[in-house]
$ cat my_file.cif   # mmCIF, C-alpha atoms and all ligand atoms
data_entry
#
loop_
_atom_site.group_PDB
_atom_site.id
_atom_site.type_symbol
_atom_site.label_atom_id
_atom_site.label_comp_id
_atom_site.auth_asym_id
_atom_site.auth_seq_id
_atom_site.Cartn_x
_atom_site.Cartn_y
_atom_site.Cartn_z
ATOM 1 C CA MET X 1075 135.764 19.737 118.478
ATOM 2 C CA ARG X 1076 135.253 23.132 120.020
ATOM 3 C CA CYS X 1077 131.598 23.827 120.576
ATOM 4 C CA LYS X 1078 130.633 27.330 119.567
ATOM 5 C CA LEU X 1079 127.051 27.648 120.650
ATOM 6 C CA CYS X 1080 127.048 25.969 124.042
ATOM 7 C CA LYS X 1081 129.335 28.595 125.496
ATOM 8 C CA ARG X 1082 127.066 31.468 124.632
ATOM 9 C CA ALA X 1083 125.496 31.678 128.050
ATOM 10 C CA LEU X 1084 128.867 32.007 129.708
ATOM 11 C CA ALA X 1085 129.909 34.530 127.126
ATOM 12 C CA LEU X 1086 126.761 36.521 127.764
ATOM 13 C CA VAL X 1087 127.540 36.823 131.437
ATOM 14 C CA LEU X 1088 131.106 37.802 130.700
ATOM 15 C CA ALA X 1089 130.144 40.168 127.909
ATOM 16 C CA LEU X 1090 128.296 42.221 130.447
ATOM 17 C CA THR X 1091 131.284 42.637 132.697
ATOM 18 C CA LEU X 1092 134.363 42.374 130.508
ATOM 19 C CA PRO X 1093 135.572 44.422 127.565
ATOM 20 C CA LEU X 1094 135.546 42.466 124.323
ATOM 21 C CA GLY X 1095 138.521 40.221 123.848
ATOM 22 C CA CYS X 1096 139.096 39.636 127.555
ATOM 23 C CA LEU X 1097 137.325 36.307 127.678
ATOM 24 C CA ALA X 1098 139.701 33.566 128.686
ATOM 25 C CA GLU X 1099 139.455 30.212 126.985
ATOM 26 C CA GLU X 1100 136.938 28.028 128.722
ATOM 27 C CA ASP X 1101 136.752 24.413 127.754
ATOM 28 C CA GLU X 1102 133.936 23.346 129.991
ATOM 29 C CA GLU X 1103 130.656 23.023 128.160
ATOM 30 C CA ILE X 1104 127.797 25.051 129.526
ATOM 31 C CA SER X 1105 124.309 24.167 128.441
ATOM 32 C CA ILE X 1106 122.277 27.041 129.865
ATOM 33 C CA GLU X 1107 120.008 28.369 127.172
ATOM 34 C CA ASP X 1108 121.105 31.699 125.844
ATOM 35 C CA THR X 1109 118.047 33.889 125.467
ATOM 36 C CA ALA X 1110 119.791 37.095 124.544
ATOM 37 C CA GLY X 1111 121.812 35.749 121.626
ATOM 38 C CA ILE X 1112 124.949 37.534 122.720
ATOM 39 C CA PHE X 1113 128.245 35.716 122.591
ATOM 40 C CA LEU X 1114 131.927 36.237 122.177
ATOM 41 C CA GLU X 1115 132.717 32.978 120.461
ATOM 42 C CA GLU X 1116 133.281 33.079 116.772
ATOM 43 C CA VAL X 1117 130.336 32.062 114.629
ATOM 44 C CA THR X 1118 130.837 31.506 110.930
ATOM 45 C CA TYR X 1119 128.597 31.709 107.886
ATOM 46 C CA ASP X 1120 129.962 29.754 104.899
ATOM 47 C CA ASP X 1121 133.231 29.662 106.866
ATOM 48 C CA VAL X 1122 133.352 33.446 107.127
ATOM 49 C CA ALA X 1123 133.549 34.742 110.680
ATOM 50 C CA TRP X 1124 130.807 37.052 111.952
ATOM 51 C CA GLN X 1125 132.711 39.303 114.320
ATOM 52 C CA PHE X 1126 130.045 41.004 116.366
ATOM 53 C CA PRO X 1127 128.842 40.237 119.895
ATOM 54 C CA ILE X 1128 125.317 39.452 118.650
ATOM 55 C CA ASP X 1129 124.631 36.615 116.247
ATOM 56 C CA LEU X 1130 123.770 37.775 112.762
ATOM 57 C CA MET X 1131 120.601 35.699 112.931
ATOM 58 C CA ALA X 1132 119.528 37.360 116.203
ATOM 59 C CA LEU X 1133 119.613 40.850 114.677
ATOM 60 C CA ASP X 1134 116.303 42.064 113.293
ATOM 61 C CA PRO X 1135 116.900 44.848 110.747
ATOM 62 C CA VAL X 1136 113.393 46.216 111.293
ATOM 63 C CA LEU X 1137 113.854 46.564 115.041
ATOM 64 C CA ILE X 1138 117.299 48.147 115.009
ATOM 65 C CA ARG X 1139 116.551 50.580 112.208
ATOM 66 C CA LEU X 1140 118.150 53.947 112.734
ATOM 67 C CA ALA X 1141 116.429 57.290 112.213
ATOM 68 C CA ASN X 1142 118.419 60.454 112.834
ATOM 69 C CA LYS X 1143 119.679 63.584 111.075
ATOM 70 C CA GLN X 1144 122.082 61.539 108.955
ATOM 71 C CA VAL X 1145 119.890 58.512 108.309
ATOM 72 C CA LEU X 1146 116.492 59.829 107.336
ATOM 73 C CA LEU X 1147 113.320 57.829 106.937
ATOM 74 C CA GLY X 1148 111.349 58.477 103.767
ATOM 75 C CA LYS X 1149 108.114 60.433 103.636
ATOM 76 C CA ASP X 1150 106.267 57.199 102.898
ATOM 77 C CA PHE X 1151 107.884 55.081 105.601
ATOM 78 C CA VAL X 1152 105.174 53.657 107.853
ATOM 79 C CA PRO X 1153 106.008 50.883 110.337
ATOM 80 C CA SER X 1154 104.127 47.650 109.926
ATOM 81 C CA PRO X 1155 102.046 46.355 111.511
ATOM 82 C CA LEU X 1156 100.963 49.418 113.442
ATOM 83 C CA VAL X 1157 98.549 48.800 116.293
ATOM 84 C CA THR X 1158 96.553 51.133 118.493
ATOM 85 C CA MET X 1159 97.352 51.065 122.181
ATOM 86 C CA LYS X 1160 94.212 50.214 124.110
ATOM 87 C CA THR X 1161 95.407 52.002 127.182
ATOM 88 C CA ARG X 1162 98.229 54.355 128.028
ATOM 89 C CA LYS X 1163 99.067 52.838 131.377
ATOM 90 C CA ALA X 1164 98.858 49.543 133.256
ATOM 91 C CA ASN X 1165 95.905 49.221 135.593
ATOM 92 C CA ALA X 1166 95.852 47.343 138.858
ATOM 93 C CA ASP X 1167 92.475 45.781 138.043
ATOM 94 C CA GLY X 1168 93.958 44.057 135.025
ATOM 95 C CA SER X 1169 91.897 46.168 132.647
ATOM 96 C CA ASN X 1170 94.950 46.392 130.431
ATOM 97 C CA ALA X 1171 93.985 43.153 128.814
ATOM 98 C CA ASN X 1172 90.480 44.106 127.734
ATOM 99 C CA GLY X 1173 91.580 47.646 127.088
ATOM 100 C CA GLY X 1174 89.936 50.972 126.539
ATOM 101 C CA VAL X 1175 90.371 52.220 130.092
ATOM 102 C CA LYS X 1176 92.280 55.421 129.538
ATOM 103 C CA LYS X 1177 91.077 57.316 126.531
ATOM 104 C CA ALA X 1178 93.867 59.023 124.665
ATOM 105 C CA SER X 1179 93.512 62.760 125.098
ATOM 106 C CA SER X 1180 95.218 63.760 121.871
ATOM 107 C CA GLY X 1181 94.384 61.153 119.296
ATOM 108 C CA GLU X 1182 95.168 57.480 119.368
ATOM 109 C CA MET X 1183 98.553 56.127 120.387
ATOM 110 C CA LYS X 1184 99.980 53.729 117.854
ATOM 111 C CA LEU X 1185 103.095 51.571 117.941
ATOM 112 C CA GLN X 1186 104.578 48.751 115.916
ATOM 113 C CA GLU X 1187 102.935 45.546 117.096
ATOM 114 C CA GLU X 1188 105.927 43.822 118.726
ATOM 115 C CA CYS X 1189 106.959 47.043 120.452
ATOM 116 C CA ALA X 1190 103.403 47.620 121.683
ATOM 117 C CA ALA X 1191 103.219 44.145 123.211
ATOM 118 C CA ALA X 1192 106.598 44.591 124.906
ATOM 119 C CA LEU X 1193 105.529 47.938 126.291
ATOM 120 C CA VAL X 1194 102.357 46.495 127.813
ATOM 121 C CA THR X 1195 104.429 43.710 129.410
ATOM 122 C CA MET X 1196 106.864 46.276 130.786
ATOM 123 C CA PHE X 1197 104.053 48.477 132.133
ATOM 124 C CA GLU X 1198 102.585 45.487 133.949
ATOM 125 C CA ALA X 1199 105.960 44.520 135.417
ATOM 126 C CA ALA X 1200 106.491 48.115 136.567
ATOM 127 C CA LEU X 1201 103.082 48.144 138.207
ATOM 128 C CA GLU X 1202 103.999 45.024 140.144
ATOM 129 C CA ASP X 1203 106.955 47.010 141.502
ATOM 130 C CA GLY X 1204 104.601 49.846 142.463
ATOM 131 C CA ILE X 1205 105.595 51.990 139.471
ATOM 132 C CA THR X 1206 102.899 53.514 137.259
ATOM 133 C CA LEU X 1207 104.182 54.467 133.838
ATOM 134 C CA TYR X 1208 102.271 56.466 131.266
ATOM 135 C CA LEU X 1209 102.589 56.479 127.499
ATOM 136 C CA LYS X 1210 102.817 60.137 126.575
ATOM 137 C CA SER X 1211 103.727 59.889 122.909
ATOM 138 C CA ALA X 1212 104.141 57.068 120.395
ATOM 139 C CA TYR X 1213 104.236 56.757 116.598
ATOM 140 C CA ARG X 1214 104.369 59.945 114.587
ATOM 141 C CA SER X 1215 104.049 60.096 110.844
ATOM 142 C CA TRP X 1216 106.475 62.045 108.678
ATOM 143 C CA SER X 1217 103.897 64.787 108.150
ATOM 144 C CA THR X 1218 103.061 65.085 111.858
ATOM 145 C CA GLN X 1219 106.774 65.441 112.568
ATOM 146 C CA ASN X 1220 107.053 68.002 109.785
ATOM 147 C CA THR X 1221 104.343 70.123 111.398
ATOM 148 C CA MET X 1222 105.921 69.790 114.856
ATOM 149 C CA TYR X 1223 109.343 70.734 113.532
ATOM 150 C CA SER X 1224 108.189 73.835 111.712
ATOM 151 C CA ASN X 1225 106.129 74.935 114.721
ATOM 152 C CA ARG X 1226 109.197 74.576 116.934
ATOM 153 C CA LEU X 1227 111.355 76.550 114.517
ATOM 154 C CA LYS X 1228 108.766 79.339 114.389
ATOM 155 C CA LYS X 1229 108.677 79.452 118.184
ATOM 156 C CA ASN X 1230 112.474 79.669 118.319
ATOM 157 C CA GLY X 1231 112.963 82.315 115.682
ATOM 158 C CA GLY X 1232 114.137 79.757 113.112
ATOM 159 C CA LYS X 1233 116.662 78.073 115.434
ATOM 160 C CA ASP X 1234 116.780 74.287 115.873
ATOM 161 C CA ASP X 1235 117.123 73.818 119.666
ATOM 162 C CA GLY X 1236 117.476 70.027 119.515
ATOM 163 C CA TRP X 1237 114.121 69.259 121.116
ATOM 164 C CA VAL X 1238 112.161 68.370 118.013
ATOM 165 C CA SER X 1239 113.668 66.262 115.250
ATOM 166 C CA LYS X 1240 113.224 67.266 111.673
ATOM 167 C CA PRO X 1241 110.909 65.118 109.511
ATOM 168 C CA GLY X 1242 112.473 61.764 108.633
ATOM 169 C CA ALA X 1243 114.922 62.044 111.532
ATOM 170 C CA SER X 1244 112.498 61.210 114.329
ATOM 171 C CA ASP X 1245 112.744 57.954 116.206
ATOM 172 C CA HIS X 1246 108.972 58.207 116.640
ATOM 173 C CA GLN X 1247 108.458 57.574 112.910
ATOM 174 C CA THR X 1248 109.933 54.087 113.310
ATOM 175 C CA GLY X 1249 106.889 53.104 115.420
ATOM 176 C CA LEU X 1250 109.422 51.717 117.895
ATOM 177 C CA GLY X 1251 110.134 54.914 119.805
ATOM 178 C CA CYS X 1252 107.878 56.250 122.528
ATOM 179 C CA ASP X 1253 107.847 58.734 125.361
ATOM 180 C CA VAL X 1254 107.037 57.076 128.668
ATOM 181 C CA VAL X 1255 106.647 59.269 131.729
ATOM 182 C CA PRO X 1256 105.718 58.826 135.388
ATOM 183 C CA TYR X 1257 101.913 58.866 135.621
ATOM 184 C CA GLU X 1258 102.158 61.984 137.804
ATOM 185 C CA TRP X 1259 103.938 63.763 134.984
ATOM 186 C CA ARG X 1260 101.348 62.977 132.321
ATOM 187 C CA ASP X 1261 100.225 66.601 131.987
ATOM 188 C CA LYS X 1262 103.518 68.261 132.859
ATOM 189 C CA GLY X 1263 106.173 69.490 130.470
ATOM 190 C CA MET X 1264 109.054 67.052 130.092
ATOM 191 C CA ASN X 1265 112.480 68.038 131.315
ATOM 192 C CA GLU X 1266 115.667 66.422 132.614
ATOM 193 C CA LYS X 1267 114.450 66.577 136.228
ATOM 194 C CA MET X 1268 112.247 63.626 135.368
ATOM 195 C CA ALA X 1269 115.383 61.449 135.389
ATOM 196 C CA THR X 1270 115.474 61.551 139.191
ATOM 197 C CA THR X 1271 111.972 60.076 139.565
ATOM 198 C CA GLU X 1272 111.718 56.464 140.660
ATOM 199 C CA GLU X 1273 109.761 55.736 137.495
ATOM 200 C CA CYS X 1274 112.589 56.867 135.203
ATOM 201 C CA GLN X 1275 115.152 55.108 137.355
ATOM 202 C CA TRP X 1276 113.091 51.933 137.133
ATOM 203 C CA MET X 1277 112.951 52.280 133.348
ATOM 204 C CA ALA X 1278 116.691 52.836 133.044
ATOM 205 C CA ALA X 1279 117.330 49.753 135.174
ATOM 206 C CA HIS X 1280 114.741 47.427 133.616
ATOM 207 C CA CYS X 1281 113.853 48.567 130.100
ATOM 208 C CA ALA X 1282 116.406 46.264 128.423
ATOM 209 C CA GLU X 1283 114.674 43.233 129.948
ATOM 210 C CA TYR X 1284 111.703 44.109 127.740
ATOM 211 C CA GLY X 1285 113.767 44.960 124.656
ATOM 212 C CA PHE X 1286 113.911 48.737 125.152
ATOM 213 C CA ILE X 1287 116.807 51.172 125.404
ATOM 214 C CA ILE X 1288 117.079 54.771 126.568
ATOM 215 C CA ARG X 1289 117.406 56.168 123.057
ATOM 216 C CA TYR X 1290 118.996 59.517 124.002
ATOM 217 C CA PRO X 1291 121.331 58.976 126.959
ATOM 218 C CA GLU X 1292 122.727 61.792 129.062
ATOM 219 C CA ASP X 1293 126.356 61.250 128.093
ATOM 220 C CA LYS X 1294 125.732 60.784 124.371
ATOM 221 C CA GLU X 1295 124.339 64.145 123.358
ATOM 222 C CA ASP X 1296 127.364 64.778 121.143
ATOM 223 C CA VAL X 1297 126.695 61.536 119.252
ATOM 224 C CA THR X 1298 122.895 61.536 119.046
ATOM 225 C CA GLU X 1299 122.702 65.325 118.601
ATOM 226 C CA ILE X 1300 119.594 65.112 120.764
ATOM 227 C CA ASN X 1301 119.272 66.366 124.334
ATOM 228 C CA TYR X 1302 119.093 63.805 127.131
ATOM 229 C CA GLU X 1303 115.597 62.308 127.247
ATOM 230 C CA PRO X 1304 115.125 59.893 130.167
ATOM 231 C CA TRP X 1305 111.562 59.294 128.915
ATOM 232 C CA HIS X 1306 112.261 58.315 125.322
ATOM 233 C CA LEU X 1307 112.372 54.547 125.016
ATOM 234 C CA ARG X 1308 113.196 52.728 121.838
ATOM 235 C CA TYR X 1309 112.353 49.105 121.181
ATOM 236 C CA VAL X 1310 115.219 47.198 119.529
ATOM 237 C CA GLY X 1311 114.478 43.670 120.770
ATOM 238 C CA ASN X 1312 116.202 41.814 123.583
ATOM 239 C CA PRO X 1313 119.649 40.958 122.205
ATOM 240 C CA ALA X 1314 120.418 44.487 120.989
ATOM 241 C CA ALA X 1315 118.824 46.149 124.040
ATOM 242 C CA THR X 1316 120.865 44.027 126.451
ATOM 243 C CA TYR X 1317 124.091 44.739 124.608
ATOM 244 C CA ILE X 1318 123.413 48.467 124.216
ATOM 245 C CA MET X 1319 122.322 49.101 127.804
ATOM 246 C CA GLU X 1320 124.984 46.913 129.441
ATOM 247 C CA ASN X 1321 127.720 48.597 127.428
ATOM 248 C CA GLY X 1322 126.393 52.134 127.811
ATOM 249 C CA LEU X 1323 126.004 52.750 124.099
ATOM 250 C CA CYS X 1324 123.575 54.808 122.112
ATOM 251 C CA LEU X 1325 121.952 53.388 118.979
ATOM 252 C CA GLU X 1326 124.323 55.337 116.732
ATOM 253 C CA GLU X 1327 127.353 53.735 118.401
ATOM 254 C CA PHE X 1328 125.747 50.312 118.166
ATOM 255 C CA HIS X 1329 125.312 50.824 114.442
ATOM 256 C CA GLN X 1330 128.846 52.067 114.032
ATOM 257 C CA GLN X 1331 130.125 48.832 115.576
ATOM 258 C CA LEU X 1332 127.680 46.786 113.542
ATOM 259 C CA GLN X 1333 128.611 48.475 110.253
ATOM 260 C CA GLU X 1334 132.288 47.793 111.008
ATOM 261 C CA ALA X 1335 131.462 44.116 111.552
ATOM 262 C CA ILE X 1336 129.496 44.066 108.292
ATOM 263 C CA ASP X 1337 132.392 45.681 106.408
ATOM 264 C CA GLN X 1338 134.777 43.107 107.842
ATOM 265 C CA PHE X 1339 132.390 40.259 107.006
ATOM 266 C CA LEU X 1340 132.085 41.401 103.389
ATOM 267 C CA GLN X 1341 135.807 42.018 103.108
ATOM 268 C CA ASP X 1342 136.381 38.440 104.276
ATOM 269 C CA GLY X 1343 134.095 37.144 101.536
ATOM 270 C CA GLY X 1344 130.837 36.890 103.521
ATOM 271 C CA ARG X 1345 127.606 36.667 101.571
ATOM 272 C CA GLU X 1346 126.166 40.133 100.941
ATOM 273 C CA SER X 1347 122.604 38.824 101.033
ATOM 274 C CA LEU X 1348 123.076 37.862 104.695
ATOM 275 C CA VAL X 1349 123.837 41.410 105.805
ATOM 276 C CA ARG X 1350 122.159 43.567 103.159
ATOM 277 C CA ASP X 1351 119.138 44.468 105.287
ATOM 278 C CA LEU X 1352 121.332 45.464 108.218
ATOM 279 C CA ILE X 1353 123.174 48.151 106.272
ATOM 280 C CA GLN X 1354 121.770 51.517 107.294
ATOM 281 C CA MET X 1355 120.690 53.619 104.366
ATOM 282 C CA SER X 1356 119.210 57.061 104.446
ATOM 283 C CA ALA X 1357 116.029 57.578 102.433
ATOM 284 C CA ASP X 1358 118.019 60.104 100.415
ATOM 285 C CA ASP X 1359 120.420 57.384 99.228
ATOM 286 C CA GLN X 1360 117.830 54.757 98.390
HETATM 287 ZN ZN ZN T 1 110.403 60.999 122.138
#
$ encode --input "my_file.cif" --output "structure tokens"
Amino acid sequence: MRCKLCKRALALVLALTLPLGCLAEEDEEISIEDTAGIFLEEVTYDDVAWQFPIDLMALDPVLIRLANKQVLLGKDFVPSPLVTMKTRKANADGSNANGGVKKASSGEMKLQEECAAALVTMFEAALEDGITLYLKSAYRSWSTQNTMYSNRLKKNGGKDDGWVSKPGASDHQTGLGCDVVPYEWRDKGMNEKMATTEECQWMAAHCAEYGFIIRYPEDKEDVTEINYEPWHLRYVGNPAATYIMENGLCLEEFHQQLQEAIDQFLQDGGRESLVRDLIQMSADDQ
């Protein structure tokens, strides 16, 4: 019998280097544990094939939730659980753990719990590489975003310049999006030049290892409708982050592929309850 799961590790390696469908048949069993949950082999649920490079069971609908101009979050959407960041950067003396070292200058920084923990881990790993990262901005409520958006419009004579998302469309409202800048840039205005810093290059190279993606990539402005932001990280969890970053996607493209897989799964008679939570719905349609 053909083993589906034991070849995942091999498939993971190949998925990172080969376009989908190029994987040659490989009969040898490989027993390396697959931590990313990415595979090319067919997995079935009730005999219906799930045709997506990430196992249905490895996709967390909460973590991959989309927020943009088309898919708006509701006024009442608040991520849960939300935690307060004890510090905005990693500290060489290990004071990260007991917290409270850097006092937030403009209110407390909050993030969804799993994202917050991953960020602290990433900050510590960066510090070990001599990179000091700083959390500039984290969770924003719908009403905070609303205020920011109208202030930006006023400043721009009513024109939306793409720098501030309208309420409901901000990745920051998910509690999984955050702006992380080089420590030296903590009080500077953010602009694309930041991308050339070693801190941003480190983030681009390593963020997926901690479950983060660059939410607004340089070459995806036409898809995201948001200017390139080398500082805006979005937590999606390891499997999705690995797939997205290795394949040079933005979250919108990831969802487009995922929705196609869901459509196919349902068309083939797959159970709706298995995929219901993964279907992206705008607050307006709910
Ligand atoms: Zn941001």
$ residues_near_ligand --input "my_file.cif" --ligand "ligand ZN 1 (chain T)" --cutoff "9 Å" --atoms "only C-alpha atoms and all ligand atoms" --output "count of residues only"
18
$ axis_aligned_box --input "my_file.cif" --around "segment 1212-1217 of chain X" --padding-each-side "8 Å" --output "JSON"
{"center_x": 105.2, "center_y": 60.8, "center_z": 114.3, "size_x": 18.6, "size_y": 24.0, "size_z": 28.2}
$ resolve_selection --input "my_file.cif" --expression "the PyMOL selection byres (((chain X and resi 1193) around 12) and not hetatm)" --output "number ranges by chain"
X: 1159-1164, 1170, 1184-1192, 1194-1200, 1207-1209, 1212, 1250-1254, 1277, 1280-1287, 1307-1311
$ closest_atom_pairs --input "my_file.cif" --of "segment 1289-1341 of chain X" --to "segment 1128-1135 of chain X" --cutoff "10 Å" --atoms "all atoms listed in the file" --output "Markdown table"
| residue | atom | partner | partner_atom | distance |
| --- | --- | --- | --- | --- |
| X:Val1310 | CA | X:Asp1134 | CA | 8.1 |
| X:Gly1311 | CA | X:Asp1134 | CA | 7.9 |
| X:Asn1312 | CA | X:Ala1132 | CA | 9.2 |
| X:Pro1313 | CA | X:Ile1128 | CA | 6.9 |
| X:Ala1314 | CA | X:Leu1133 | CA | 7.3 |
| X:Tyr1317 | CA | X:Ile1128 | CA | 8.1 |
| X:Leu1332 | CA | X:Ile1128 | CA | 9.2 |
| X:Ile1336 | CA | X:Leu1130 | CA | 9.6 |
$ write_last_selection --input "my_file.cif" --atoms "C-alpha atoms" --output "PDB file, keeping the file's coordinate frame"
ATOM      1  CA  VAL X1310     115.219  47.198 119.529  1.00  0.00           C
ATOM      2  CA  GLY X1311     114.478  43.670 120.770  1.00  0.00           C
ATOM      3  CA  ASN X1312     116.202  41.814 123.583  1.00  0.00           C
ATOM      4  CA  PRO X1313     119.649  40.958 122.205  1.00  0.00           C
ATOM      5  CA  ALA X1314     120.418  44.487 120.989  1.00  0.00           C
ATOM      6  CA  TYR X1317     124.091  44.739 124.608  1.00  0.00           C
ATOM      7  CA  LEU X1332     127.680  46.786 113.542  1.00  0.00           C
ATOM      8  CA  ILE X1336     129.496  44.066 108.292  1.00  0.00           C
TER       9      ILE X1336
END
$ resolve_selection --input "my_file.cif" --expression "the PyMOL selection byres (((chain X and resi 1298) around 12) and not hetatm)" --output "MDAnalysis selection string"
chainID X and resid 1140:1145 1236:1237 1239 1243:1245 1288:1297 1299:1303 1323:1329
$ write_last_selection --input "my_file.cif" --atoms "C-alpha atoms" --output "compact mmCIF listing (two decimals), in the coordinates of the input"
# COMPACT_ATOMS: atom_id res chain seq x y z
CA LEU X 1140 118.15 53.95 112.73
CA ALA X 1141 116.43 57.29 112.21
CA ASN X 1142 118.42 60.45 112.83
CA LYS X 1143 119.68 63.58 111.08
CA GLN X 1144 122.08 61.54 108.96
CA VAL X 1145 119.89 58.51 108.31
CA GLY X 1236 117.48 70.03 119.52
CA TRP X 1237 114.12 69.26 121.12
CA SER X 1239 113.67 66.26 115.25
CA ALA X 1243 114.92 62.04 111.53
CA SER X 1244 112.50 61.21 114.33
CA ASP X 1245 112.74 57.95 116.21
CA ILE X 1288 117.08 54.77 126.57
CA ARG X 1289 117.41 56.17 123.06
CA TYR X 1290 119.00 59.52 124.00
CA PRO X 1291 121.33 58.98 126.96
CA GLU X 1292 122.73 61.79 129.06
CA ASP X 1293 126.36 61.25 128.09
CA LYS X 1294 125.73 60.78 124.37
CA GLU X 1295 124.34 64.14 123.36
CA ASP X 1296 127.36 64.78 121.14
CA VAL X 1297 126.70 61.54 119.25
CA GLU X 1299 122.70 65.32 118.60
CA ILE X 1300 119.59 65.11 120.76
CA ASN X 1301 119.27 66.37 124.33
CA TYR X 1302 119.09 63.80 127.13
CA GLU X 1303 115.60 62.31 127.25
CA LEU X 1323 126.00 52.75 124.10
CA CYS X 1324 123.58 54.81 122.11
CA LEU X 1325 121.95 53.39 118.98
CA GLU X 1326 124.32 55.34 116.73
CA GLU X 1327 127.35 53.74 118.40
CA PHE X 1328 125.75 50.31 118.17
CA HIS X 1329 125.31 50.82 114.44
$ residues_around --input "my_file.cif" --residues "Asp1351 of chain X" --least-positions-apart "3" --cutoff "10 Å" --atoms "all atoms listed in the file" --output "PDB file with C-alpha atoms, in the frame of the given file"
ATOM      1  CA  ASP X1134     116.303  42.064 113.293  1.00  0.00           C
ATOM      2  CA  PRO X1135     116.900  44.848 110.747  1.00  0.00           C
ATOM      3  CA  VAL X1136     113.393  46.216 111.293  1.00  0.00           C
ATOM      4  CA  ARG X1139     116.551  50.580 112.208  1.00  0.00           C
ATOM      5  CA  GLU X1346     126.166  40.133 100.941  1.00  0.00           C
ATOM      6  CA  SER X1347     122.604  38.824 101.033  1.00  0.00           C
ATOM      7  CA  LEU X1348     123.076  37.862 104.695  1.00  0.00           C
ATOM      8  CA  GLN X1354     121.770  51.517 107.294  1.00  0.00           C
ATOM      9  CA  MET X1355     120.690  53.619 104.366  1.00  0.00           C
TER      10      MET X1355
END
$ atom_distance --input "my_file.cif" --atom1 "atom CA of Arg1214 of chain X" --atom2 "atom CA of Gln1247 of chain X"
5.0 Å
$ atom_distance --input "my_file.cif" --atom1 "atom CA of Gln1125 of chain X" --atom2 "atom CA of Ala1335 of chain X"
5.7 Å
$ atom_distance --input "my_file.cif" --atom1 "atom CA of Tyr1213 of chain X" --atom2 "atom CA of Pro1127 of chain X"
29.8 Å
$ residues_around --input "my_file.cif" --residues "Gln1338 of chain X" --least-positions-apart "2" --cutoff "10 Å" --atoms "only C-alpha atoms" --output "PyMOL selection string"
chain X and resi 1122-1126+1332-1336+1340-1344
$ closest_residue --input "my_file.cif" --among "X:Tyr1257, X:Glu1115, X:Met1222, X:Val1157" --to "Gly1204 of chain X" --atoms "all atoms listed in the file"
X:Tyr1257
$ closest_residue --input "my_file.cif" --among "X:Asp1235, X:Asp1359, X:Glu1182, X:Glu1273" --to "Leu1201 of chain X" --atoms "all atoms listed in the file"
X:Glu1273
